[in-house]
file my_file17.cif (mmCIF, C-alpha atoms)
data_run
#
loop_
_atom_site.label_atom_id
_atom_site.label_comp_id
_atom_site.auth_asym_id
_atom_site.auth_seq_id
_atom_site.Cartn_x
_atom_site.Cartn_y
_atom_site.Cartn_z
CA MET A 19 12.60 -15.84 34.79
CA GLY A 20 13.77 -19.30 35.70
CA SER A 21 16.78 -21.18 34.38
CA THR A 22 17.58 -23.63 31.63
CA GLY A 23 20.64 -24.76 33.58
CA ASP A 24 20.51 -28.54 33.09
CA MET A 25 20.17 -28.14 29.31
CA LYS A 26 23.27 -26.03 28.76
CA ASP A 27 25.78 -28.86 28.27
CA GLU A 28 23.65 -30.68 25.75
CA THR A 29 25.78 -32.59 23.24
CA LEU A 30 24.42 -33.38 19.80
CA PRO A 31 25.57 -36.18 17.48
CA PRO A 32 28.06 -35.18 14.75
CA LEU A 33 26.58 -34.20 11.41
CA ARG A 34 27.69 -35.88 8.18
CA PHE A 35 29.95 -33.74 5.99
CA ILE A 36 29.96 -34.10 2.18
CA PRO A 37 33.19 -32.67 0.68
CA LEU A 38 31.46 -31.13 -2.34
CA SER A 39 30.26 -27.62 -3.23
CA TYR A 40 27.17 -26.22 -4.89
CA ASN A 41 28.08 -24.18 -7.97
CA HIS A 42 25.65 -21.35 -8.81
CA ALA A 43 26.88 -21.36 -12.42
CA ASP A 44 26.21 -25.10 -12.78
CA SER A 45 23.22 -25.35 -10.48
CA GLN A 46 21.45 -28.54 -11.49
CA ALA A 47 24.54 -30.69 -12.02
CA SER A 48 26.20 -29.67 -8.75
CA ALA A 49 22.94 -30.09 -6.77
CA LEU A 50 22.47 -33.52 -8.36
CA ARG A 51 25.97 -34.60 -7.27
CA LEU A 52 25.17 -33.53 -3.70
CA VAL A 53 21.83 -35.33 -3.46
CA LEU A 54 23.16 -38.53 -5.05
CA THR A 55 26.04 -38.55 -2.56
CA LEU A 56 23.46 -38.20 0.22
CA ASN A 57 20.97 -40.67 -1.33
CA PRO A 58 22.87 -43.06 -3.66
CA GLN A 59 19.67 -45.14 -3.96
CA TRP A 60 18.18 -42.28 -6.02
CA GLU A 61 20.46 -43.22 -8.94
CA GLY A 62 19.09 -45.42 -11.70
CA PRO A 63 16.23 -45.62 -14.24
CA ASP A 64 13.42 -46.01 -11.66
CA ASN A 65 14.12 -42.56 -10.24
CA LYS A 66 12.98 -39.18 -11.51
CA ILE A 67 14.78 -36.36 -9.71
CA GLU A 68 13.34 -32.85 -10.02
CA PHE A 69 14.48 -29.47 -8.70
CA VAL A 70 12.16 -26.75 -7.40
CA ARG A 71 13.78 -23.36 -6.82
CA PHE A 72 12.43 -21.17 -4.02
CA THR A 73 12.97 -17.45 -4.49
CA ASP A 74 11.57 -15.90 -1.30
CA GLY A 75 14.93 -15.57 0.44
CA ILE A 76 17.20 -12.60 -0.28
CA THR A 77 20.44 -14.15 1.01
CA ASN A 78 20.78 -17.78 -0.17
CA THR A 79 19.90 -20.24 -2.93
CA LEU A 80 17.21 -22.68 -1.77
CA LEU A 81 16.36 -25.78 -3.81
CA LYS A 82 13.81 -28.49 -3.05
CA ILE A 83 15.02 -31.76 -4.54
CA ILE A 84 12.38 -34.46 -5.03
CA ASN A 85 12.36 -37.98 -6.44
CA ARG A 86 9.12 -38.43 -8.35
CA LYS A 87 9.21 -42.23 -8.43
CA PRO A 88 6.19 -43.90 -10.06
CA GLY A 89 3.35 -44.79 -7.70
CA LEU A 90 4.21 -42.30 -4.92
CA THR A 91 1.67 -39.74 -3.65
CA GLU A 92 2.63 -36.06 -3.39
CA GLU A 93 2.81 -36.47 0.40
CA GLN A 94 5.15 -39.47 0.11
CA ILE A 95 7.34 -37.54 -2.33
CA ASP A 96 7.47 -34.55 0.05
CA ASN A 97 8.32 -36.78 3.00
CA GLU A 98 11.46 -37.93 1.20
CA ALA A 99 12.31 -34.53 -0.29
CA VAL A 100 15.62 -32.84 0.47
CA LEU A 101 16.09 -29.09 0.88
CA MET A 102 19.45 -27.78 -0.25
CA ARG A 103 20.47 -24.35 0.98
CA ALA A 104 23.62 -22.89 -0.54
CA TYR A 105 25.06 -19.81 1.10
CA GLY A 106 25.09 -16.48 -0.70
CA ASN A 107 28.18 -14.60 -1.85
CA HIS A 108 30.42 -13.55 1.10
CA THR A 109 27.61 -14.16 3.60
CA GLU A 110 30.11 -15.57 6.12
CA ILE A 111 30.79 -11.88 6.89
CA LEU A 112 27.21 -11.66 8.19
CA ILE A 113 26.45 -15.17 9.42
CA ASP A 114 28.31 -17.55 11.73
CA ARG A 115 27.72 -20.78 9.80
CA GLU A 116 29.03 -23.01 12.58
CA ARG A 117 26.58 -21.48 15.03
CA GLU A 118 23.77 -21.81 12.48
CA THR A 119 24.42 -25.56 12.10
CA THR A 120 24.56 -26.03 15.87
CA SER A 121 21.32 -24.08 16.28
CA HIS A 122 19.54 -26.11 13.61
CA ALA A 123 20.67 -29.40 15.19
CA LEU A 124 19.51 -28.24 18.63
CA LEU A 125 16.11 -27.20 17.27
CA ALA A 126 15.72 -30.48 15.39
CA SER A 127 16.46 -32.40 18.60
CA ARG A 128 13.47 -30.60 20.18
CA GLY A 129 11.16 -31.18 17.22
CA LEU A 130 11.25 -27.47 16.37
CA ALA A 131 13.13 -27.80 13.06
CA PRO A 132 13.31 -30.35 10.23
CA PRO A 133 16.07 -32.96 10.66
CA LEU A 134 19.50 -31.98 9.35
CA LEU A 135 20.85 -34.51 6.85
CA ALA A 136 24.35 -33.24 6.04
CA ARG A 137 26.57 -30.21 5.57
CA PHE A 138 28.60 -29.54 2.44
CA GLN A 139 31.31 -27.00 1.60
CA ASN A 140 28.94 -24.07 1.13
CA GLY A 141 25.60 -25.13 2.56
CA LEU A 142 23.25 -27.56 4.29
CA LEU A 143 20.95 -30.42 3.33
CA TYR A 144 17.87 -31.02 5.46
CA ARG A 145 14.32 -32.38 5.40
CA PHE A 146 11.42 -30.50 3.85
CA ILE A 147 8.51 -29.24 5.99
CA ARG A 148 5.16 -29.66 4.23
CA GLY A 149 3.11 -26.50 4.29
CA ARG A 150 3.18 -23.06 2.74
CA PRO A 151 5.17 -19.96 3.62
CA ALA A 152 3.10 -17.10 5.02
CA THR A 153 2.93 -13.76 3.24
CA HIS A 154 3.24 -10.46 5.07
CA LEU A 155 -0.51 -10.01 4.51
CA ASP A 156 -1.04 -13.29 6.39
CA LEU A 157 0.96 -12.09 9.40
CA VAL A 158 -1.72 -9.59 10.39
CA LYS A 159 -4.49 -12.23 10.47
CA PRO A 160 -5.36 -13.32 14.03
CA PRO A 161 -5.30 -17.11 13.42
CA LEU A 162 -1.75 -16.80 12.08
CA TRP A 163 -0.31 -14.35 14.59
CA ARG A 164 -1.80 -16.40 17.42
CA GLY A 165 0.00 -19.45 16.01
CA VAL A 166 3.25 -17.49 15.72
CA ALA A 167 2.88 -16.17 19.29
CA ARG A 168 2.36 -19.67 20.68
CA ARG A 169 5.25 -21.19 18.74
CA LEU A 170 7.59 -18.33 19.68
CA GLY A 171 6.61 -18.67 23.33
CA GLN A 172 7.60 -22.34 23.12
CA TRP A 173 10.94 -21.51 21.46
CA HIS A 174 11.85 -18.98 24.11
CA ALA A 175 10.78 -21.27 26.95
CA VAL A 176 12.42 -24.58 26.07
CA LEU A 177 15.62 -23.82 24.16
CA PRO A 178 18.87 -23.44 26.09
CA ILE A 179 20.94 -20.33 25.48
CA GLY A 180 24.20 -21.93 26.63
CA GLY A 181 26.51 -24.18 24.68
CA HIS A 182 27.03 -21.79 21.77
CA SER A 183 29.74 -19.47 23.04
CA ALA A 184 32.74 -21.80 23.02
CA SER A 185 32.75 -22.49 19.29
CA SER A 186 31.18 -19.34 17.96
CA SER A 187 33.20 -16.62 16.29
CA SER A 188 30.39 -14.16 17.06
CA ALA A 189 31.66 -14.01 20.64
CA LYS A 190 35.07 -12.75 19.51
CA GLU A 191 36.05 -9.19 18.93
CA LEU A 192 36.67 -9.20 15.20
CA PRO A 193 39.67 -7.32 13.82
CA LEU A 194 39.32 -4.89 10.96
CA SER A 195 40.49 -7.58 8.54
CA HIS A 196 36.87 -8.76 8.69
CA GLN A 197 35.69 -5.57 7.03
CA VAL A 198 33.97 -5.93 3.68
CA ASP A 199 36.61 -6.38 1.01
CA VAL A 200 34.78 -6.71 -2.29
CA ASP A 201 37.82 -6.05 -4.47
CA GLY A 202 40.05 -8.66 -2.84
CA GLN A 203 42.34 -5.92 -1.48
CA HIS A 204 43.17 -5.71 2.21
CA GLN A 205 42.05 -2.40 3.62
CA HIS A 206 44.42 -0.37 5.72
CA LYS A 207 43.67 -0.29 9.41
CA GLN A 208 42.00 3.01 10.15
CA GLU A 209 43.12 5.38 12.86
CA ASP A 210 39.49 5.54 13.96
CA ASP A 211 39.39 1.83 14.85
CA LEU A 212 36.42 1.15 17.10
CA ASP A 213 36.39 -0.23 20.62
CA PRO A 214 33.91 -3.14 20.56
CA ILE A 215 31.07 -3.05 23.05
CA LYS A 216 31.12 -5.34 26.06
CA PRO A 217 27.56 -6.57 26.67
CA ARG A 218 26.49 -7.49 30.19
CA VAL A 219 26.48 -11.24 29.38
CA PRO A 220 29.60 -12.57 27.60
CA GLY A 221 29.33 -14.84 24.59
CA PRO A 222 27.40 -14.53 21.35
CA ASN A 223 24.10 -12.65 21.38
CA MET A 224 22.26 -10.19 19.16
CA TRP A 225 24.34 -7.29 20.53
CA THR A 226 27.66 -8.96 19.60
CA VAL A 227 26.25 -9.91 16.18
CA LEU A 228 25.36 -6.26 15.51
CA GLN A 229 28.81 -5.22 16.73
CA LYS A 230 30.42 -7.72 14.34
CA TRP A 231 28.44 -6.22 11.46
CA ILE A 232 29.42 -2.63 12.32
CA LEU A 233 33.08 -3.69 12.47
CA ALA A 234 32.61 -5.22 9.01
CA LEU A 235 31.31 -2.02 7.40
CA PRO A 236 33.52 -0.63 4.62
CA THR A 237 35.88 2.24 5.43
CA THR A 238 37.22 3.20 2.01
CA THR A 239 35.83 6.75 1.96
CA GLU A 240 35.59 9.41 4.65
CA GLU A 241 31.80 9.26 4.31
CA GLN A 242 31.86 5.52 5.06
CA ARG A 243 34.15 6.02 8.05
CA THR A 244 31.95 8.79 9.42
CA ARG A 245 28.84 6.65 9.11
CA ARG A 246 30.55 3.67 10.74
CA ARG A 247 31.59 5.80 13.73
CA ALA A 248 28.05 7.19 14.02
CA LEU A 249 26.49 3.71 13.96
CA GLN A 250 28.97 2.54 16.60
CA LYS A 251 27.86 5.42 18.85
CA GLU A 252 24.23 4.40 18.34
CA LEU A 253 25.07 0.81 19.29
CA GLU A 254 26.86 1.97 22.43
CA SER A 255 23.80 4.05 23.37
CA VAL A 256 21.24 1.29 22.90
CA VAL A 257 23.38 -1.24 24.78
CA ARG A 258 23.59 1.20 27.72
CA GLU A 259 19.83 1.76 27.60
CA LEU A 260 18.46 -1.70 26.82
CA ASP A 261 21.01 -4.36 27.86
CA ASP A 262 19.70 -4.43 31.42
CA GLY A 263 18.79 -8.07 32.09
CA ARG A 264 15.17 -7.25 32.84
CA GLY A 265 13.63 -9.57 30.28
CA LEU A 266 12.56 -13.21 30.26
CA GLY A 267 14.96 -16.14 30.29
CA ASP A 268 18.48 -16.44 31.70
CA ASP A 269 20.02 -13.05 32.53
CA GLY A 270 17.40 -11.40 30.32
CA LEU A 271 18.19 -13.54 27.26
CA VAL A 272 16.31 -16.30 25.44
CA PHE A 273 17.32 -18.38 22.43
CA ALA A 274 15.73 -16.29 19.69
CA HIS A 275 15.06 -16.74 15.96
CA CYS A 276 15.89 -13.08 15.16
CA ASP A 277 14.60 -13.27 11.56
CA LEU A 278 10.88 -14.05 11.76
CA LEU A 279 9.87 -12.57 8.43
CA CYS A 280 6.81 -13.98 6.67
CA ALA A 281 8.71 -16.46 4.45
CA ASN A 282 10.22 -18.09 7.54
CA VAL A 283 6.78 -18.89 8.99
CA ILE A 284 5.36 -22.10 7.51
CA VAL A 285 1.61 -22.78 7.84
CA LEU A 286 1.31 -26.54 8.23
CA PRO A 287 -1.01 -28.56 5.92
CA SER A 288 -4.79 -28.97 6.32
CA GLN A 289 -5.13 -25.39 7.52
CA CYS A 290 -6.47 -22.46 5.58
CA LEU A 291 -6.43 -18.76 6.38
CA ALA A 292 -9.15 -17.86 3.91
CA THR A 293 -12.16 -19.86 5.12
CA ALA A 294 -14.89 -18.39 7.28
CA ALA A 295 -14.58 -21.49 9.45
CA THR A 296 -11.26 -20.17 10.79
CA SER A 297 -12.26 -18.15 13.83
CA ASP A 298 -10.15 -15.17 14.91
CA LYS A 299 -9.86 -16.88 18.30
CA GLU A 300 -8.26 -20.01 16.81
CA ALA A 301 -4.51 -20.44 16.29
CA LEU A 302 -2.99 -22.07 13.24
CA ASN A 303 -0.18 -24.57 13.67
CA VAL A 304 3.05 -23.08 12.33
CA GLN A 305 6.73 -23.94 12.17
CA PHE A 306 9.69 -21.60 11.80
CA ILE A 307 12.46 -22.20 9.27
CA ASP A 308 15.90 -20.69 8.49
CA TYR A 309 18.02 -20.30 11.60
CA GLU A 310 20.94 -18.29 10.20
CA TYR A 311 20.48 -15.45 12.66
CA ALA A 312 19.27 -17.48 15.66
CA THR A 313 21.18 -16.45 18.78
CA PRO A 314 20.61 -15.51 22.43
CA SER A 315 18.69 -12.24 22.51
CA PRO A 316 16.23 -10.30 24.64
CA ALA A 317 12.78 -11.78 23.96
CA ALA A 318 11.55 -8.24 23.32
CA PHE A 319 13.93 -7.87 20.36
CA ASP A 320 12.73 -11.12 18.74
CA ILE A 321 9.09 -10.04 19.14
CA ALA A 322 9.65 -6.42 18.03
CA ASN A 323 11.60 -7.72 15.05
CA HIS A 324 8.70 -9.98 14.06
CA PHE A 325 6.26 -7.06 14.34
CA ALA A 326 8.54 -5.02 12.06
CA GLU A 327 8.15 -7.78 9.44
CA TRP A 328 4.37 -7.28 9.29
CA GLY A 329 5.14 -4.60 6.72
CA GLY A 330 6.94 -7.04 4.39
CA TYR A 331 10.01 -6.32 2.26
CA ASP A 332 8.39 -3.08 1.10
CA CYS A 333 8.12 -1.81 4.70
CA ASP A 334 4.41 -0.95 4.54
CA TYR A 335 4.08 0.75 7.92
CA SER A 336 0.30 0.86 7.75
CA MET A 337 0.46 -2.88 8.60
CA MET A 338 2.21 -2.39 11.96
CA PRO A 339 0.32 -3.91 14.92
CA THR A 340 -1.55 -1.43 17.12
CA ARG A 341 -1.33 -1.39 20.92
CA SER A 342 -4.35 -3.66 21.39
CA VAL A 343 -3.11 -6.22 18.84
CA ARG A 344 0.37 -6.26 20.39
CA ARG A 345 -1.14 -6.92 23.82
CA GLN A 346 -3.27 -9.79 22.46
CA PHE A 347 -0.21 -11.27 20.74
CA LEU A 348 1.81 -11.04 23.96
CA THR A 349 -1.01 -12.62 25.97
CA GLU A 350 -0.90 -15.66 23.66
CA TYR A 351 2.90 -15.69 23.78
CA VAL A 352 3.08 -15.55 27.58
CA LYS A 353 0.42 -18.24 27.94
CA SER A 354 2.55 -20.56 25.79
CA TYR A 355 5.83 -19.55 27.45
CA SER A 356 4.32 -20.12 30.89
CA GLN A 357 2.97 -23.54 29.95
CA PHE A 358 6.49 -24.74 29.12
CA ARG A 359 8.13 -23.00 32.09
CA GLY A 360 5.57 -23.96 34.73
CA ILE A 361 4.55 -20.37 35.50
CA THR A 362 1.20 -20.01 37.25
CA GLU A 363 -1.71 -18.24 35.58
CA CYS A 364 -1.87 -15.55 38.26
CA ALA A 365 1.71 -14.46 37.44
CA GLN A 366 1.11 -14.20 33.69
CA GLN A 367 -0.57 -10.81 33.54
CA GLU A 368 2.39 -9.14 35.21
CA ILE A 369 4.71 -10.74 32.63
CA VAL A 370 2.47 -9.54 29.77
CA ASP A 371 2.52 -5.98 31.16
CA ARG A 372 6.28 -5.95 31.57
CA LEU A 373 6.92 -7.52 28.17
CA TYR A 374 4.54 -5.06 26.50
CA GLU A 375 6.67 -2.18 27.81
CA ASP A 376 9.87 -4.00 26.85
CA VAL A 377 8.74 -4.62 23.25
CA ASP A 378 7.82 -0.94 23.05
CA ARG A 379 11.35 0.01 24.18
CA PHE A 380 12.88 -2.26 21.53
CA ARG A 381 10.68 -1.22 18.59
CA GLY A 382 13.43 0.85 16.92
CA ILE A 383 16.25 -1.69 17.27
CA PRO A 384 15.28 -3.96 14.32
CA GLY A 385 15.72 -0.93 12.05
CA LEU A 386 19.29 -0.45 13.29
CA TYR A 387 20.01 -4.20 13.08
CA TRP A 388 18.80 -4.76 9.53
CA GLY A 389 19.91 -1.34 8.35
CA VAL A 390 23.54 -2.19 9.16
CA TRP A 391 23.03 -5.68 7.66
CA ALA A 392 21.74 -4.17 4.41
CA LEU A 393 24.70 -1.74 4.19
CA ILE A 394 26.97 -4.80 4.09
CA GLN A 395 24.71 -6.66 1.66
CA ALA A 396 24.83 -3.65 -0.67
CA GLN A 397 28.60 -4.25 -0.89
CA ILE A 398 28.73 -8.05 -1.21
CA SER A 399 25.47 -9.44 -2.57
CA GLN A 400 24.98 -10.52 -6.17
CA ILE A 401 21.22 -10.86 -5.67
CA ASP A 402 18.95 -8.48 -7.58
CA PHE A 403 17.65 -6.50 -4.61
CA ASP A 404 18.13 -2.81 -3.80
CA TYR A 405 19.94 -3.26 -0.49
CA ALA A 406 21.20 0.34 -0.42
CA SER A 407 17.67 1.78 -0.42
CA TYR A 408 16.50 -0.89 2.02
CA ALA A 409 19.33 0.10 4.38
CA GLU A 410 18.22 3.75 4.38
CA THR A 411 14.57 2.75 4.98
CA ARG A 412 15.42 0.50 7.92
CA LEU A 413 17.88 2.96 9.48
CA GLY A 414 15.18 5.60 9.05
CA GLU A 415 12.93 3.52 11.33
CA TYR A 416 15.62 3.52 13.99
CA TYR A 417 16.26 7.28 13.81
CA ALA A 418 12.51 8.03 13.83
CA TRP A 419 12.21 5.95 17.01
CA ARG A 420 15.20 7.74 18.53
CA ARG A 421 13.69 11.16 17.79
CA GLU A 422 10.39 10.03 19.33
CA VAL A 423 12.08 8.77 22.50
CA ASP A 424 14.30 11.83 23.03
CA GLY A 425 11.48 14.25 22.15
CA SER A 426 13.37 16.00 19.33
CA ARG A 427 10.64 15.30 16.77
CA ALA A 428 7.99 16.99 18.92
CA GLN A 429 10.32 19.90 19.78
CA ALA A 430 10.88 20.53 16.08
CA GLY A 431 7.12 20.53 15.51
CA GLU A 432 7.39 17.79 12.89
CA GLU A 433 4.63 15.34 12.07
CA MET A 434 4.91 11.89 13.65
CA PRO A 435 6.04 9.35 10.99
CA LEU A 436 3.53 6.70 9.89
CA ARG A 437 5.32 3.80 11.61
CA GLU A 438 5.40 5.59 14.97
CA ARG A 439 1.85 6.82 14.50
CA ARG A 440 0.57 3.32 13.77
CA TRP A 441 2.53 1.91 16.74
CA ALA A 442 0.86 4.46 19.05
CA GLU A 443 -2.68 3.66 17.86
CA ALA A 444 -5.02 2.00 20.33
#

call {"tool": "encode", "arguments": {"input": "my_file17.cif", "output": "structure tokens"}}
result
Amino acid sequence: MGSTGDMKDETLPPLRFIPLSYNHADSQASALRLVLTLNPQWEGPDNKIEFVRFTDGITNTLLKIINRKPGLTEEQIDNEAVLMRAYGNHTEILIDRERETTSHALLASRGLAPPLLARFQNGLLYRFIRGRPATHLDLVKPPLWRGVARRLGQWHAVLPIGGHSASSSSAKELPLSHQVDVDGQHQHKQEDDLDPIKPRVPGPNMWTVLQKWILALPTTTEEQRTRRRALQKELESVVRELDDGRGLGDDGLVFAHCDLLCANVIVLPSQCLATAATSDKEALNVQFIDYEYATPSPAAFDIANHFAEWGGYDCDYSMMPTRSVRRQFLTEYVKSYSQFRGITECAQQEIVDRLYEDVDRFRGIPGLYWGVWALIQAQISQIDFDYASYAETRLGEYYAWRREVDGSRAQAGEEMPLRERRWAEA
């Protein structure tokens, strides 16, 4: 609906580059070198630099670097704080870092992300947002999900989807040399090389990202090759079924976050979820952080993906939003989207109805998306997280959805899985 045309050729000022790296084995010293290069005025006896490590992410190292100079309040210290995000092991296989930096700069120019300060060899430095990360238990609380719905509606309404394709490797068909190669050995090209999908709209989007990940899956064993071929067939099927241009935005795509898990939702200060004074009808003010996976996408995928995160890292499907909650969320979302796109109130109900059906159609796709992602992480990550089991859980969501849609679960007389059952509840 509508166009972002005049915003597509937006040019952003160049970002400072610091030719240093963060070293995981020498964390504090290497982080100190980076922040002193950025802020040389922090050197000297009047400064007291401290490091706070955040552990919520399961891909990167995230450090908050503060200068606790005498006489400053906590708010003043936070306002000058620097966040340093160093990329995880081999994550360039999963994430287009150039596109991430461009996305962050674009968001910052719209006041939707903290200002970027500099890039370095293996990460970014940017401003800190005061507030607290949500938990997955927070996501189900009406004041928070209303805030998320409103902020997401704004994102999808005002951000251009153009301007990313020219420089982004995600738009390219990646050769098999991009497959996971954890032993430093080039893998032989397989006879069963895959033909990459050709989505309806060229350029990077969530379909081409998923294709890139499937192409990157390991092919050392026959079992791995068989699974890779099967996942490619699933991708081909869902693109045929769902890449139809029916959604909001330009050609059915909006600029989406694509990773709205609880830790990436920041509740801004002076707001509390626990007080009785917070009415269910109110909306908290939230910001989104971490834009590694941000890319053009159907709005329904971004929303369905956020709903999938209501279960947290442990995938507690009893937390999934019911039909009535999803409709309320979408009503808030469409109200916000319409405000920024100049859509009249009388047209909004039709958009809610259509988007409700669209989100329902996309509910299984996050399982496929993050299942493939976790199969790669299981090969490359050095983080203490059971990616292999997580991959099976998330792919299980996708296959349960597929069996529900094609009727095979009912034909076999099997019980509906909890996630699907919860999704179908009124």

call {"tool": "residues_around", "arguments": {"input": "my_file17.cif", "residues": "A:Val304", "least_positions_apart": "2", "cutoff": "7 Å", "atoms": "only C-alpha atoms", "output": "list in words"}}
result
Gly165, Val166, Val283, Ile284, Val285, Leu286, Leu302 and Phe306 of chain A

call {"tool": "atom_distance", "arguments": {"input": "my_file17.cif", "atom1": "atom CA of A:Gly149", "atom2": "atom CA of A:Gln305"}}
result
9.0 Å

call {"tool": "resolve_selection", "arguments": {"input": "my_file17.cif", "expression": "the PyMOL selection byres ((chain A and resi 339) around 10)", "output": "ChimeraX atom specification"}}
result
/A:157-158,325-326,328-329,335-338,340-345,347,437,440-444

call {"tool": "atom_distance", "arguments": {"input": "my_file17.cif", "atom1": "atom CA of A:Gly106", "atom2": "atom CA of A:Asn41"}}
result
11.0 Å

call {"tool": "resolve_selection", "arguments": {"input": "my_file17.cif", "expression": "the PyMOL selection byres ((chain A and resi 408) around 12)", "output": "PyMOL selection string"}}
result
chain A and resi 76+330-333+385-386+388-396+403-407+409-415

call {"tool": "atom_distance", "arguments": {"input": "my_file17.cif", "atom1": "atom CA of A:Pro214", "atom2": "atom CA of A:Leu228"}}
result
10.4 Å

call {"tool": "resolve_selection", "arguments": {"input": "my_file17.cif", "expression": "the PyMOL selection byres ((chain A and resi 101) around 6)", "output": "list of chain:residue names"}}
result
A:Leu81, A:Lys82, A:Val100, A:Met102, A:Leu143, A:Tyr144, A:Arg145, A:Phe146

call {"tool": "build_atoms", "arguments": {"input": "my_file17.cif", "residues": "stretch 155-172 of chain A", "atoms": "N, CA and C atoms", "output": "short mmCIF file (atom, residue, chain, number, x, y, z; two decimals), keeping the file's coordinate frame"}}
result
data_model
loop_
_atom_site.label_atom_id
_atom_site.label_comp_id
_atom_site.auth_asym_id
_atom_site.auth_seq_id
_atom_site.Cartn_x
_atom_site.Cartn_y
_atom_site.Cartn_z
N LEU A 155 0.93 -10.28 4.31
CA LEU A 155 -0.51 -10.01 4.51
C LEU A 155 -1.13 -11.04 5.44
N ASP A 156 -0.56 -12.26 5.46
CA ASP A 156 -1.04 -13.29 6.39
C ASP A 156 -0.70 -12.94 7.84
N LEU A 157 0.47 -12.32 8.03
CA LEU A 157 0.96 -12.09 9.40
C LEU A 157 -0.01 -11.30 10.25
N VAL A 158 -0.81 -10.45 9.62
CA VAL A 158 -1.72 -9.59 10.39
C VAL A 158 -3.03 -10.29 10.74
N LYS A 159 -3.23 -11.52 10.22
CA LYS A 159 -4.49 -12.23 10.47
C LYS A 159 -4.42 -12.95 11.81
N PRO A 160 -5.43 -12.76 12.67
CA PRO A 160 -5.36 -13.32 14.03
C PRO A 160 -5.04 -14.81 14.11
N PRO A 161 -5.64 -15.68 13.28
CA PRO A 161 -5.30 -17.11 13.42
C PRO A 161 -3.80 -17.37 13.21
N LEU A 162 -3.17 -16.58 12.33
CA LEU A 162 -1.75 -16.80 12.08
C LEU A 162 -0.90 -16.19 13.19
N TRP A 163 -1.19 -14.93 13.57
CA TRP A 163 -0.31 -14.35 14.59
C TRP A 163 -0.48 -15.03 15.95
N ARG A 164 -1.66 -15.61 16.19
CA ARG A 164 -1.80 -16.40 17.42
C ARG A 164 -0.91 -17.65 17.36
N GLY A 165 -0.88 -18.29 16.18
CA GLY A 165 0.00 -19.45 16.01
C GLY A 165 1.46 -19.10 16.16
N VAL A 166 1.86 -17.95 15.59
CA VAL A 166 3.25 -17.49 15.72
C VAL A 166 3.57 -17.20 17.19
N ALA A 167 2.65 -16.52 17.88
CA ALA A 167 2.88 -16.17 19.29
C ALA A 167 3.08 -17.43 20.13
N ARG A 168 2.25 -18.44 19.89
CA ARG A 168 2.36 -19.67 20.68
C ARG A 168 3.67 -20.41 20.38
N ARG A 169 4.02 -20.49 19.10
CA ARG A 169 5.25 -21.19 18.74
C ARG A 169 6.48 -20.45 19.28
N LEU A 170 6.45 -19.12 19.20
CA LEU A 170 7.59 -18.33 19.68
C LEU A 170 7.71 -18.44 21.20
N GLY A 171 6.57 -18.47 21.89
CA GLY A 171 6.61 -18.67 23.33
C GLY A 171 7.27 -20.00 23.69
N GLN A 172 6.98 -21.03 22.90
CA GLN A 172 7.60 -22.34 23.12
C GLN A 172 9.11 -22.27 22.88
#
